[in-house]
Amino acid sequence: MTIRKRTRAGVAGLAASAMAVTAFTTGPGQASRDTIPAVVHHEATQLAMDAAVKAGVPGITAQARDANGVWKSASGVSNLRTGVPRGKNDRFRTGNITNTFVATVLLQMEAEKRLSLDDTVERRLPGLVTGNDNDGRRITVRQLLNHTSGLFDYLADKEYSETYMEGDGYLQHRYDTLTPKRRVRVALSHEPLFDPGARHSFSSTNDVLAALIVEKIGGRSYEDEVRDRIIEPLGLKATSNPGNSIRLPRPSSRGYSKLFTSQPDRIDDVTEMNGSQGWGSSDIISSAGDLNRFYGALMRGKLLPPRQLKAMKTTVDNPDFPGASYGLGIERFELSCGTTLWYHDGGMIGWLTLAATTEDGRHQFAFDYNANWGAETILPLVYAEYCAQAPQRSARTVP
């Protein structure tokens, strides 16, 4: 599993600390499931959360759902200034977990015969993807969803990153309203990375285009489609699209980032930002409980017919992170203890989030860091929950 690199190398607080680290390429132990001792009441998971906080993460909120019921917990603080504890029911910015919501809507539309996964981007968004050898006639909807389009990631554009994701640029422009087509134009100012279908490479440009296709087919906002097709049917009361709002609904914590490479110890409160800057690719706000409900329902076939769920779970290799493979808006990995997980991670300025479920949809685990550093501590949390492995006891990692 990966908190995948979504920005150019060197972006303060993102590529350097969270987006560029590998999380699920290997496990902390290779023990068989049959030899792992049972851990009562998620004690190993709590130990891993507490260790991550001691290692420097401000706070973590988490929830697990399995045959034994629902377990909710938190560690650390929600506010570094006041020391208020992190809440068990906090809402947060989910980042690229938004991708799974968008892919689900498009697959529902495909089941309704309103589009084909093999439709070209040009057919659905005429004249949009062109220039610098970018050609929407050669890219399909499927290739957007499994990130094999070859399109450049607009987040990796140097000027965009310096303006909206780094240091003073972020602090000055975080309240700006951005249109999705403006972000697409940034991507199209670059040549594609490779020919469509040649390989997998994650690009947030794909996700923005997928959301634009949702709007084109539905004839209304992508937010309305997500609400009516997923949020309301599943009763996801803590899940929403922010639009242009800059604030998080309560209960929620503050979000933190290290924006300045020249000041590695400086921490900025980045809770407020214009939601339009993540429209369609990373804007959804949710809670650990709602994410568990969503992924559990998805894997159990509550949101997609069998044919579309099979398409979603048809994966391509992720060459950047051996062992992981990417489907349509969701990723697959088999843990060393034998458990197969379907998951998505979400990383953005101020937040790291991961939501995972077993293939049968019976054991979900979702958690959020209110900072975009500390990604190296994510792997122990997942192994603790699914393989009952507590973190190694040491002065650095164990409280």
# chains A, B, ... in the order shown; residues from 1 in each chain; ligands from 1
>>> closest_atom_pairs(of="stretch 92-149 of chain A", to="stretch 194-205 of chain A", cutoff="6 Å", atoms="only C-alpha atoms", output="JSON lines")
{"residue": "A:Ile139", "atom": "CA", "partner": "A:Pro196", "partner_atom": "CA", "distance": 5.9}
{"residue": "A:His147", "atom": "CA", "partner": "A:Phe202", "partner_atom": "CA", "distance": 5.3}
{"residue": "A:Thr148", "atom": "CA", "partner": "A:His200", "partner_atom": "CA", "distance": 4.4}
{"residue": "A:Ser149", "atom": "CA", "partner": "A:Pro196", "partner_atom": "CA", "distance": 4.5}
>>> write_last_selection(atoms="C-alpha atoms", output="mmCIF file, in the first residue's frame")
data_model
loop_
_atom_site.group_PDB
_atom_site.id
_atom_site.type_symbol
_atom_site.label_atom_id
_atom_site.label_comp_id
_atom_site.auth_asym_id
_atom_site.auth_seq_id
_atom_site.Cartn_x
_atom_site.Cartn_y
_atom_site.Cartn_z
ATOM 1 C CA ILE A 139 -7.827 8.062 -23.725
ATOM 2 C CA HIS A 147 -4.679 5.947 -13.945
ATOM 3 C CA THR A 148 -3.183 4.587 -17.153
ATOM 4 C CA SER A 149 -4.006 7.686 -19.244
#
>>> residues_around(residues="A:Ala311", least_positions_apart="3", cutoff="10 Å", atoms="only C-alpha atoms", output="MDAnalysis selection string")
chainID A and resid 107 117 142 306:308 314:315 327:328
>>> closest_residue(among="A:Gln277, A:Asn241, A:Asn318, A:Thr357", to="A:Ser161", atoms="only C-alpha atoms")
A:Gln277
>>> select_by_dssp(residues="stretch 71-224 of chain A", states="alpha helix (DSSP H)", output="PyMOL selection string")
chain A and resi 98-111+121-124+141-145+158-164+167-173+180-188+204-218+222-224
>>> atom_distance(atom1="atom CA of A:Arg300", atom2="atom CA of A:Tyr386")
18.6 Å
>>> atom_distance(atom1="atom CA of A:Lys237", atom2="atom CA of A:Arg81")
28.9 Å
>>> closest_residue(among="A:Ser325, A:Asn96, A:Ser189, A:Thr353", to="A:Asp207", atoms="only C-alpha atoms")
A:Asn96
